[in-house]
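Data from entry02.cif: mmCIF, C-alpha atoms
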data_final
#
loop_
_atom_site.label_atom_id
_atom_site.label_comp_id
_atom_site.auth_asym_id
_atom_site.auth_seq_id
_atom_site.Cartn_x
_atom_site.Cartn_y
_atom_site.Cartn_z
CA MET A 112 209.36 -56.21 94.79
CA ILE A 113 207.36 -59.10 93.30
CA PHE A 114 209.38 -61.66 91.39
CA ARG A 115 207.81 -63.85 88.73
CA LEU A 116 208.89 -67.05 87.11
CA TRP A 117 207.80 -66.77 83.47
CA SER A 118 207.01 -69.79 81.32
CA ALA A 119 209.78 -69.57 78.78
CA SER A 120 212.58 -71.70 77.46
CA LEU A 121 215.25 -69.16 78.39
CA VAL A 122 216.96 -69.11 81.76
CA LEU A 123 215.60 -66.36 83.99
CA LEU A 124 218.04 -64.27 86.01
CA ILE A 125 216.55 -63.02 89.28
CA MET A 126 218.06 -60.29 91.40
CA LEU A 127 217.51 -61.17 95.05
CA SER A 128 218.30 -58.08 97.06
CA ALA A 129 220.17 -54.80 96.98
CA VAL A 130 222.25 -56.02 99.89
CA SER A 131 223.60 -59.26 98.43
CA CYS A 132 223.23 -58.36 94.74
CA LYS A 133 223.26 -62.11 94.13
CA LYS A 134 221.58 -63.64 91.12
CA VAL A 135 219.87 -67.02 91.16
CA LYS A 136 219.35 -68.72 87.84
CA VAL A 137 216.19 -70.80 87.61
CA ASP A 138 214.78 -72.74 84.69
CA PRO A 139 211.17 -71.48 84.76
CA GLU A 140 209.66 -74.26 82.66
CA VAL A 141 207.95 -76.09 85.50
CA LEU A 142 206.46 -73.48 87.80
CA GLY A 143 205.23 -71.09 85.14
CA ARG A 144 203.88 -67.77 86.40
CA ILE A 145 204.01 -67.65 90.18
CA SER A 146 204.22 -64.51 92.26
CA LEU A 147 207.19 -64.76 94.60
CA ARG A 148 208.69 -62.21 96.97
CA GLU A 149 212.17 -63.67 96.96
CA ILE A 150 214.21 -66.60 95.69
CA VAL A 151 217.27 -67.48 97.74
CA GLU A 152 220.05 -69.97 97.06
CA LYS A 153 221.67 -71.18 100.27
CA ASP A 154 223.60 -74.29 101.28
CA ASN A 155 222.61 -76.34 98.24
CA GLN A 156 218.99 -75.31 98.72
CA LEU A 157 216.65 -73.16 96.66
CA VAL A 158 214.22 -71.28 98.90
CA LEU A 159 211.09 -69.84 97.29
CA HIS A 160 209.33 -67.19 99.38
CA GLY A 161 205.75 -66.36 98.42
CA GLU A 162 203.01 -64.35 100.09
CA LYS A 163 201.31 -67.46 101.48
CA ALA A 164 204.10 -70.03 101.72
CA THR A 165 207.79 -70.78 101.63
CA ALA A 166 209.13 -73.88 99.89
CA VAL A 167 212.60 -75.35 100.16
CA LEU A 168 213.98 -77.44 97.27
CA ILE A 169 217.19 -79.36 97.79
CA HIS A 170 219.84 -79.94 95.14
CA ASN A 171 220.05 -83.53 93.93
CA SER A 172 216.96 -84.49 95.91
CA SER A 173 213.30 -85.20 95.16
CA ARG A 174 212.33 -83.79 98.56
CA VAL A 175 210.53 -80.47 98.94
CA GLU A 176 209.59 -78.95 102.30
CA SER A 177 206.93 -76.35 103.00
CA GLY A 178 205.32 -75.45 106.31
CA GLY A 179 206.97 -78.44 107.97
CA ILE A 180 205.41 -80.83 105.48
CA GLN A 181 207.70 -83.02 103.41
CA MET A 182 206.79 -83.75 99.79
CA ILE A 183 208.53 -86.45 97.75
CA PHE A 184 208.32 -85.84 94.00
CA PRO A 185 209.08 -88.35 91.25
CA ASP A 186 211.97 -86.25 89.93
CA GLU A 187 214.89 -84.48 91.53
CA THR A 188 215.70 -80.81 91.81
CA LEU A 189 219.07 -80.31 90.12
CA ARG A 190 221.55 -77.48 89.81
CA ASP A 191 223.69 -77.94 86.71
CA ASN A 192 227.34 -77.04 86.13
CA ASP A 193 226.33 -73.55 85.01
CA GLY A 194 224.55 -72.96 88.32
CA VAL A 195 221.06 -73.14 86.81
CA TRP A 196 218.42 -74.73 89.04
CA HIS A 197 216.12 -77.21 87.28
CA LEU A 198 212.95 -78.03 89.19
CA PRO A 199 211.25 -81.47 89.20
CA LYS A 200 209.73 -81.99 85.75
CA ARG A 201 206.40 -83.35 87.02
CA SER A 202 205.87 -80.88 89.85
CA ALA A 203 203.81 -78.16 88.20
CA HIS A 204 201.30 -78.59 91.03
CA LEU A 205 203.83 -76.97 93.39
CA LYS A 206 202.12 -73.76 92.34
CA VAL A 207 199.22 -74.40 94.75
CA LEU A 208 201.57 -73.93 97.71
CA PHE A 209 201.85 -70.27 96.74
CA GLU A 210 198.54 -69.72 94.96
CA PRO A 211 195.92 -72.20 96.26
CA LEU A 212 193.14 -73.25 93.91
CA LYS A 213 189.51 -72.41 94.54
CA LEU A 214 188.29 -75.97 94.94
CA LYS A 215 184.62 -76.82 94.55
CA ILE A 216 184.26 -79.87 96.75
CA ARG A 217 180.70 -80.88 97.56
CA THR A 218 180.57 -84.67 97.20
CA ILE A 219 183.34 -86.92 98.54
CA VAL A 220 183.78 -90.65 97.95
CA ILE A 221 185.48 -92.49 100.80
CA ASP A 222 187.03 -95.85 99.99
CA PRO A 223 187.85 -98.09 102.98
CA GLY A 224 190.72 -100.15 101.59
CA HIS A 225 190.49 -103.95 101.37
CA GLY A 226 187.41 -105.64 102.88
CA GLY A 227 185.58 -108.96 102.68
CA LYS A 228 187.94 -111.67 101.45
CA ASP A 229 190.86 -109.23 101.48
CA PRO A 230 191.95 -108.51 105.09
CA GLY A 231 194.88 -106.27 104.17
CA ALA A 232 197.71 -106.12 106.69
CA VAL A 233 197.41 -107.52 110.23
CA SER A 234 198.60 -105.66 113.31
CA VAL A 235 201.58 -107.11 115.16
CA ALA A 236 200.40 -107.58 118.72
CA GLN A 237 196.61 -107.51 118.65
CA LYS A 238 196.20 -109.20 115.25
CA ILE A 239 193.62 -106.64 114.13
CA LYS A 240 192.86 -106.77 110.41
CA GLU A 241 193.57 -103.64 108.42
CA LYS A 242 190.22 -103.89 106.60
CA ASP A 243 188.38 -103.35 109.90
CA LEU A 244 190.50 -100.37 110.91
CA ASN A 245 190.06 -98.85 107.45
CA LEU A 246 186.28 -99.19 107.58
CA ASP A 247 185.94 -97.68 111.04
CA LEU A 248 188.22 -94.74 110.20
CA ALA A 249 186.34 -94.21 106.93
CA LEU A 250 182.96 -94.11 108.66
CA LYS A 251 184.29 -91.72 111.31
CA LEU A 252 185.77 -89.51 108.59
CA GLY A 253 182.46 -89.54 106.73
CA GLY A 254 180.62 -88.43 109.85
CA ALA A 255 183.09 -85.63 110.46
CA LEU A 256 182.84 -84.46 106.84
CA GLU A 257 179.05 -84.42 107.01
CA GLN A 258 179.34 -82.06 109.97
CA TYR A 259 181.10 -79.65 107.61
CA GLY A 260 178.26 -79.97 105.11
CA PHE A 261 179.88 -82.33 102.59
CA ASN A 262 177.89 -85.05 100.87
CA VAL A 263 179.59 -88.39 101.55
CA LEU A 264 179.50 -91.65 99.60
CA TYR A 265 181.29 -94.93 100.37
CA THR A 266 182.70 -97.65 98.13
CA ARG A 267 181.77 -99.98 100.99
CA ASP A 268 180.14 -99.36 104.36
CA ASP A 269 180.39 -102.93 105.66
CA ASP A 270 182.77 -105.88 105.48
CA SER A 271 182.10 -106.59 101.83
CA THR A 272 184.43 -107.40 98.96
CA VAL A 273 184.73 -104.61 96.39
CA PRO A 274 186.92 -105.40 93.36
CA LEU A 275 189.82 -102.99 93.03
CA GLY A 276 188.83 -102.13 89.47
CA GLU A 277 185.42 -100.86 90.62
CA ARG A 278 186.45 -98.61 93.49
CA GLY A 279 187.62 -95.56 91.60
CA LYS A 280 185.19 -95.88 88.70
CA LYS A 281 181.92 -96.38 90.52
CA PHE A 282 181.01 -92.82 91.47
CA GLN A 283 180.90 -89.27 90.17
CA ALA A 284 182.19 -86.89 92.84
CA ASP A 285 184.54 -83.99 93.53
CA LEU A 286 187.08 -85.92 95.61
CA PHE A 287 188.05 -89.55 96.16
CA ILE A 288 189.82 -90.69 99.35
CA SER A 289 191.10 -94.23 99.83
CA ILE A 290 191.76 -95.10 103.49
CA HIS A 291 194.51 -97.52 104.52
CA HIS A 292 196.83 -98.46 107.36
CA ASN A 293 200.47 -99.13 106.58
CA ALA A 294 202.72 -102.14 107.12
CA SER A 295 206.45 -102.72 106.82
CA LYS A 296 209.10 -105.30 107.63
CA ASN A 297 210.90 -102.41 109.31
CA VAL A 298 209.09 -102.29 112.65
CA ALA A 299 210.50 -98.81 113.30
CA ALA A 300 208.66 -97.32 110.29
CA SER A 301 206.00 -94.87 111.47
CA GLY A 302 203.89 -91.89 110.53
CA ALA A 303 200.92 -91.00 108.34
CA GLU A 304 201.43 -90.29 104.65
CA THR A 305 199.23 -89.20 101.78
CA TYR A 306 199.62 -90.26 98.15
CA CYS A 307 198.67 -88.52 94.93
CA LEU A 308 198.66 -90.10 91.48
CA LEU A 309 201.97 -90.44 89.69
CA SER A 310 201.28 -89.83 86.00
CA LYS A 311 203.37 -88.92 82.99
CA ASN A 312 200.30 -87.60 81.19
CA PRO A 313 200.08 -83.77 81.53
CA ALA A 314 196.31 -84.01 81.05
CA ASP A 315 196.07 -85.69 84.46
CA ASP A 316 197.38 -82.54 86.15
CA ALA A 317 193.81 -81.20 86.12
CA ARG A 318 192.94 -83.71 88.82
CA ILE A 319 196.36 -84.30 90.39
CA THR A 320 196.97 -80.67 91.30
CA PRO A 321 193.73 -80.26 93.32
CA ALA A 322 194.44 -83.61 94.98
CA PHE A 323 197.92 -82.38 95.90
CA GLN A 324 196.40 -79.33 97.59
CA VAL A 325 194.07 -81.55 99.63
CA ALA A 326 196.90 -83.95 100.49
CA CYS A 327 199.07 -81.14 101.85
CA GLU A 328 196.26 -79.81 104.04
CA ILE A 329 195.48 -83.29 105.39
CA GLN A 330 199.13 -83.81 106.31
CA LYS A 331 199.23 -80.43 108.06
CA ALA A 332 196.03 -81.15 109.99
CA GLN A 333 197.09 -84.62 111.11
CA SER A 334 200.44 -83.23 112.27
CA VAL A 335 198.59 -80.95 114.69
CA ALA A 336 196.57 -83.88 116.03
CA SER A 337 199.47 -86.33 116.30
CA GLY A 338 202.33 -83.95 117.06
CA ASN A 339 204.19 -85.58 114.16
CA TYR A 340 204.49 -84.27 110.61
CA GLY A 341 204.43 -87.84 109.39
CA ARG A 342 205.98 -89.12 106.18
CA GLY A 343 204.56 -86.36 104.01
CA VAL A 344 202.95 -86.24 100.58
CA LYS A 345 204.13 -88.71 97.97
CA PHE A 346 203.24 -89.86 94.46
CA ALA A 347 202.46 -93.39 93.27
CA ASP A 348 200.76 -95.13 90.36
CA PHE A 349 198.20 -96.90 92.54
CA ARG A 350 195.37 -98.32 90.47
CA VAL A 351 192.68 -96.93 92.76
CA LEU A 352 194.05 -93.42 92.11
CA ARG A 353 194.54 -94.04 88.42
CA ASP A 354 190.97 -95.31 87.95
CA ALA A 355 189.33 -92.39 89.73
CA GLN A 356 188.17 -89.79 87.22
CA MET A 357 188.37 -87.06 89.85
CA PRO A 358 190.98 -85.63 92.25
CA ALA A 359 192.03 -88.65 94.30
CA ILE A 360 194.29 -89.34 97.26
CA LEU A 361 195.25 -92.40 99.27
CA PHE A 362 195.81 -91.88 103.00
CA GLU A 363 197.93 -94.25 105.09
CA ALA A 364 196.92 -93.57 108.69
CA GLY A 365 199.92 -95.24 110.36
CA PHE A 366 201.97 -98.43 110.61
CA ILE A 367 200.22 -101.27 112.40
CA THR A 368 203.51 -103.18 112.23
CA ASN A 369 205.08 -100.61 114.55
CA PRO A 370 204.27 -101.64 118.16
CA ASP A 371 203.81 -98.08 119.42
CA GLU A 372 201.82 -96.90 116.43
CA GLU A 373 199.71 -100.02 116.49
CA LYS A 374 198.45 -99.04 119.94
CA ARG A 375 197.20 -95.73 118.55
CA CYS A 376 195.74 -97.15 115.35
CA VAL A 377 193.66 -99.82 117.11
CA SER A 378 192.23 -97.21 119.50
CA ALA A 379 188.75 -96.06 118.49
CA ASN A 380 189.41 -92.75 120.22
CA TRP A 381 192.57 -92.22 118.19
CA ARG A 382 190.78 -93.04 114.95
CA GLN A 383 188.19 -90.40 115.81
CA ILE A 384 190.95 -87.85 116.40
CA MET A 385 192.51 -88.78 113.08
CA ALA A 386 189.16 -88.58 111.28
CA ASP A 387 188.44 -85.15 112.74
CA SER A 388 191.86 -83.85 111.74
CA MET A 389 191.50 -85.19 108.19
CA ALA A 390 188.09 -83.55 107.86
CA LYS A 391 189.57 -80.24 109.02
CA GLY A 392 192.29 -80.53 106.41
CA ILE A 393 189.81 -81.25 103.63
CA PHE A 394 187.58 -78.38 104.73
CA ARG A 395 190.52 -76.02 104.74
CA ALA A 396 191.64 -77.18 101.29
CA ALA A 397 188.14 -76.44 100.00
CA SER A 398 188.05 -73.05 101.71
CA LEU A 399 191.39 -71.53 100.74
#

File written out as structure tokens:
Amino acid sequence: MIFRLWSASLVLLIMLSAVSCKKVKVDPEVLGRISLREIVEKDNQLVLHGEKATAVLIHNSSRVESGGIQMIFPDETLRDNDGVWHLPKRSAHLKVLFEPLKLKIRTIVIDPGHGGKDPGAVSVAQKIKEKDLNLDLALKLGGALEQYGFNVLYTRDDDSTVPLGERGKKFQADLFISIHHNASKNVAASGAETYCLLSKNPADDARITPAFQVACEIQKAQSVASGNYGRGVKFADFRVLRDAQMPAILFEAGFITNPDEEKRCVSANWRQIMADSMAKGIFRAASL
């Protein structure tokens, strides 16, 4: 049986199975119409089973898991005193996990973060500047994307200074990717993560939702290459994402303040592996 979450203000009662005869009450406002095979409530978790994906939402948490990938939303999933599950208010793009969009990605802008007078972070042991790592990874990613037939543009292709306010506004394209390497006072912090725009404006969903689909596929692809699912997909009001008038993501390739991860990040071979995995993720997102 196919279960649907209808866009309506009333609480929808969903019969799960003839065996358990258990009903799960879900506020359908956020997800709208999504074809699901089953919705299960178990151990303070709401499990959504679709034809192409399964997603796990956790009570009193902003964390969602699907296919091993962690997603951190701005709002929490809550189950109220009446047992009704309320999904994150700004997570309508969750729908693409179950029903991927047909993305038309032909031209991609790659933005190597920092550059010129702005070195970005500096690695712990080898004192490598983030701007140089970003540029090299960006150029490797561009080469890998061109092998898939994408047209690639760069906000910078050398060690030049590009004002932050110009990066996202300069080009017309189908996708914008800002490349960075992470830093933290916590030297144990590690893992790649991908950011989408955090916006309270529903009109921005037209570009956030496609970006979310790309971000999820990039995280999946890098997890295969690194053997680590990383820190997942997150949302932030970064100016470079806000300025871009197209689907936009910001990718943090790893923590150069973590001694072990620094060794990988400063390796040209590792950056090529990362670039190839990112390109595979983008190609898959555009081919679903």

Contacts of Asp269 of chain A within 9 Å, only C-alpha atoms, excl. fewer than 6 positions in-chain, as a ChimeraX atom specification = /A:226-227,246

Atoms kept (C-alpha atoms) for selection, written as a compact mmCIF listing (two decimals), keeping the file's coordinate frame:
# COMPACT_ATOMS: atom_id res chain seq x y z
CA GLY A 226 187.41 -105.64 102.88
CA GLY A 227 185.58 -108.96 102.68
CA LEU A 246 186.28 -99.19 107.58

Go ahead and find all residues with at least one atom no further than 12 Å from (191.7, -82.7, 112.4) in the file's coordinates, using all atoms listed in the file; report them as a ChimeraX atom specification.
-> /A:251-252,255-256,328-338,381-395

Can you give me, as an MDAnalysis selection string, the residues this file yields under the PyMOL selection byres ((chain A and resi 296-308) around 9)?
-> chainID A and resid 292:295 309:310 315 318:320 322:323 326:327 329:330 333:334 339:350 352:353 358:372

For atom CA of Glu241 of chain A and atom CA of Val263 of chain A, quote the distance in Å rounded to one decimal.
->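 Interatomic distance here is 21.8 Å.
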
In Å, how far is it from atom CA of Ala203 of chain A to atom CA of Ala284 of chain A?
-> 23.8 Å

What lies within 10 Å of Leu214 of chain A using all atoms listed in the file, ignoring chain neighbours under 3 positions off, as a ChimeraX atom specification?
-> /A:211,217,285,321-322,324-325,396-399

Place a sphere of radius 12 Å on (195.0, -108.4, 118.3) in the file coordinates and name every protein, DNA or RNA residue with an atom inside or on its surface, counting only C-alpha atoms; give the answer as JSON, numbers by chain.
-> {"A": [233, 234, 235, 236, 237, 238, 239, 240, 241, 243, 244, 367, 368, 370, 373, 374, 376, 377, 378]}

Expected file: the selected residues, C-alpha atoms, as a PDB file, keeping the file's coordinate frame:
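Heads up, here's the output in out.pdb:
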ATOM      1  CA  VAL A 233     197.410-107.520 110.230  1.00  0.00           C
ATOM      2  CA  SER A 234     198.600-105.660 113.310  1.00  0.00           C
ATOM      3  CA  VAL A 235     201.580-107.110 115.160  1.00  0.00           C
ATOM      4  CA  ALA A 236     200.400-107.580 118.720  1.00  0.00           C
ATOM      5  CA  GLN A 237     196.610-107.510 118.650  1.00  0.00           C
ATOM      6  CA  LYS A 238     196.200-109.200 115.250  1.00  0.00           C
ATOM      7  CA  ILE A 239     193.620-106.640 114.130  1.00  0.00           C
ATOM      8  CA  LYS A 240     192.860-106.770 110.410  1.00  0.00           C
ATOM      9  CA  GLU A 241     193.570-103.640 108.420  1.00  0.00           C
ATOM     10  CA  ASP A 243     188.380-103.350 109.900  1.00  0.00           C
ATOM     11  CA  LEU A 244     190.500-100.370 110.910  1.00  0.00           C
ATOM     12  CA  ILE A 367     200.220-101.270 112.400  1.00  0.00           C
ATOM     13  CA  THR A 368     203.510-103.180 112.230  1.00  0.00           C
ATOM     14  CA  PRO A 370     204.270-101.640 118.160  1.00  0.00           C
ATOM     15  CA  GLU A 373     199.710-100.020 116.490  1.00  0.00           C
ATOM     16  CA  LYS A 374     198.450 -99.040 119.940  1.00  0.00           C
ATOM     17  CA  CYS A 376     195.740 -97.150 115.350  1.00  0.00           C
ATOM     18  CA  VAL A 377     193.660 -99.820 117.110  1.00  0.00           C
ATOM     19  CA  SER A 378     192.230 -97.210 119.500  1.00  0.00           C
TER      20      SER A 378
END

Take segment 268-284 of chain A from the preceding structure and save N, CA, C and O atoms as a compact mmCIF listing (two decimals), in the first residue's frame.
# COMPACT_ATOMS: atom_id res chain seq x y z
N ASP A 268 41.08 31.72 -10.58
CA ASP A 268 41.87 30.56 -10.98
C ASP A 268 43.35 30.79 -10.70
O ASP A 268 44.22 30.11 -11.25
N ASP A 269 43.62 31.79 -9.84
CA ASP A 269 44.99 32.06 -9.40
C ASP A 269 44.90 32.66 -7.99
O ASP A 269 43.83 32.76 -7.41
N ASP A 270 46.04 33.07 -7.47
CA ASP A 270 46.06 33.61 -6.10
C ASP A 270 45.69 35.09 -6.11
O ASP A 270 46.50 35.96 -5.77
N SER A 271 44.48 35.37 -6.50
CA SER A 271 44.01 36.75 -6.56
C SER A 271 42.98 37.01 -5.47
O SER A 271 42.36 36.09 -4.95
N THR A 272 42.79 38.28 -5.15
CA THR A 272 41.80 38.67 -4.17
C THR A 272 40.47 38.93 -4.86
O THR A 272 40.40 39.74 -5.78
N VAL A 273 39.43 38.22 -4.44
CA VAL A 273 38.09 38.43 -4.99
C VAL A 273 37.19 38.83 -3.83
O VAL A 273 37.00 38.04 -2.89
N PRO A 274 36.65 40.04 -3.83
CA PRO A 274 35.78 40.47 -2.73
C PRO A 274 34.62 39.51 -2.52
O PRO A 274 34.05 38.99 -3.49
N LEU A 275 34.30 39.26 -1.27
CA LEU A 275 33.25 38.31 -0.93
C LEU A 275 31.94 38.67 -1.61
O LEU A 275 31.21 37.81 -2.09
N GLY A 276 31.63 39.96 -1.69
CA GLY A 276 30.37 40.39 -2.27
C GLY A 276 30.25 40.15 -3.76
O GLY A 276 29.15 40.26 -4.32
N GLU A 277 31.37 39.83 -4.42
CA GLU A 277 31.34 39.60 -5.87
C GLU A 277 31.27 38.12 -6.24
O GLU A 277 30.92 37.78 -7.37
N ARG A 278 31.58 37.25 -5.32
CA ARG A 278 31.75 35.84 -5.67
C ARG A 278 30.45 35.20 -6.15
O ARG A 278 30.42 34.53 -7.17
N GLY A 279 29.38 35.39 -5.40
CA GLY A 279 28.14 34.74 -5.76
C GLY A 279 27.33 35.47 -6.79
O GLY A 279 26.38 34.92 -7.35
N LYS A 280 27.68 36.72 -7.07
CA LYS A 280 26.87 37.55 -7.97
C LYS A 280 27.45 37.66 -9.37
O LYS A 280 26.81 38.19 -10.27
N LYS A 281 28.65 37.18 -9.56
CA LYS A 281 29.39 37.49 -10.78
C LYS A 281 28.94 36.70 -12.01
O LYS A 281 29.08 37.16 -13.13
N PHE A 282 28.39 35.51 -11.79
CA PHE A 282 28.11 34.62 -12.92
C PHE A 282 26.64 34.19 -12.97
O PHE A 282 25.94 34.21 -11.97
N GLN A 283 26.24 33.78 -14.16
CA GLN A 283 24.96 33.10 -14.36
C GLN A 283 25.28 31.63 -14.64
O GLN A 283 26.02 31.32 -15.57
N ALA A 284 24.77 30.74 -13.82
CA ALA A 284 25.08 29.32 -13.97
C ALA A 284 23.98 28.49 -13.35
O ALA A 284 22.98 29.02 -12.84
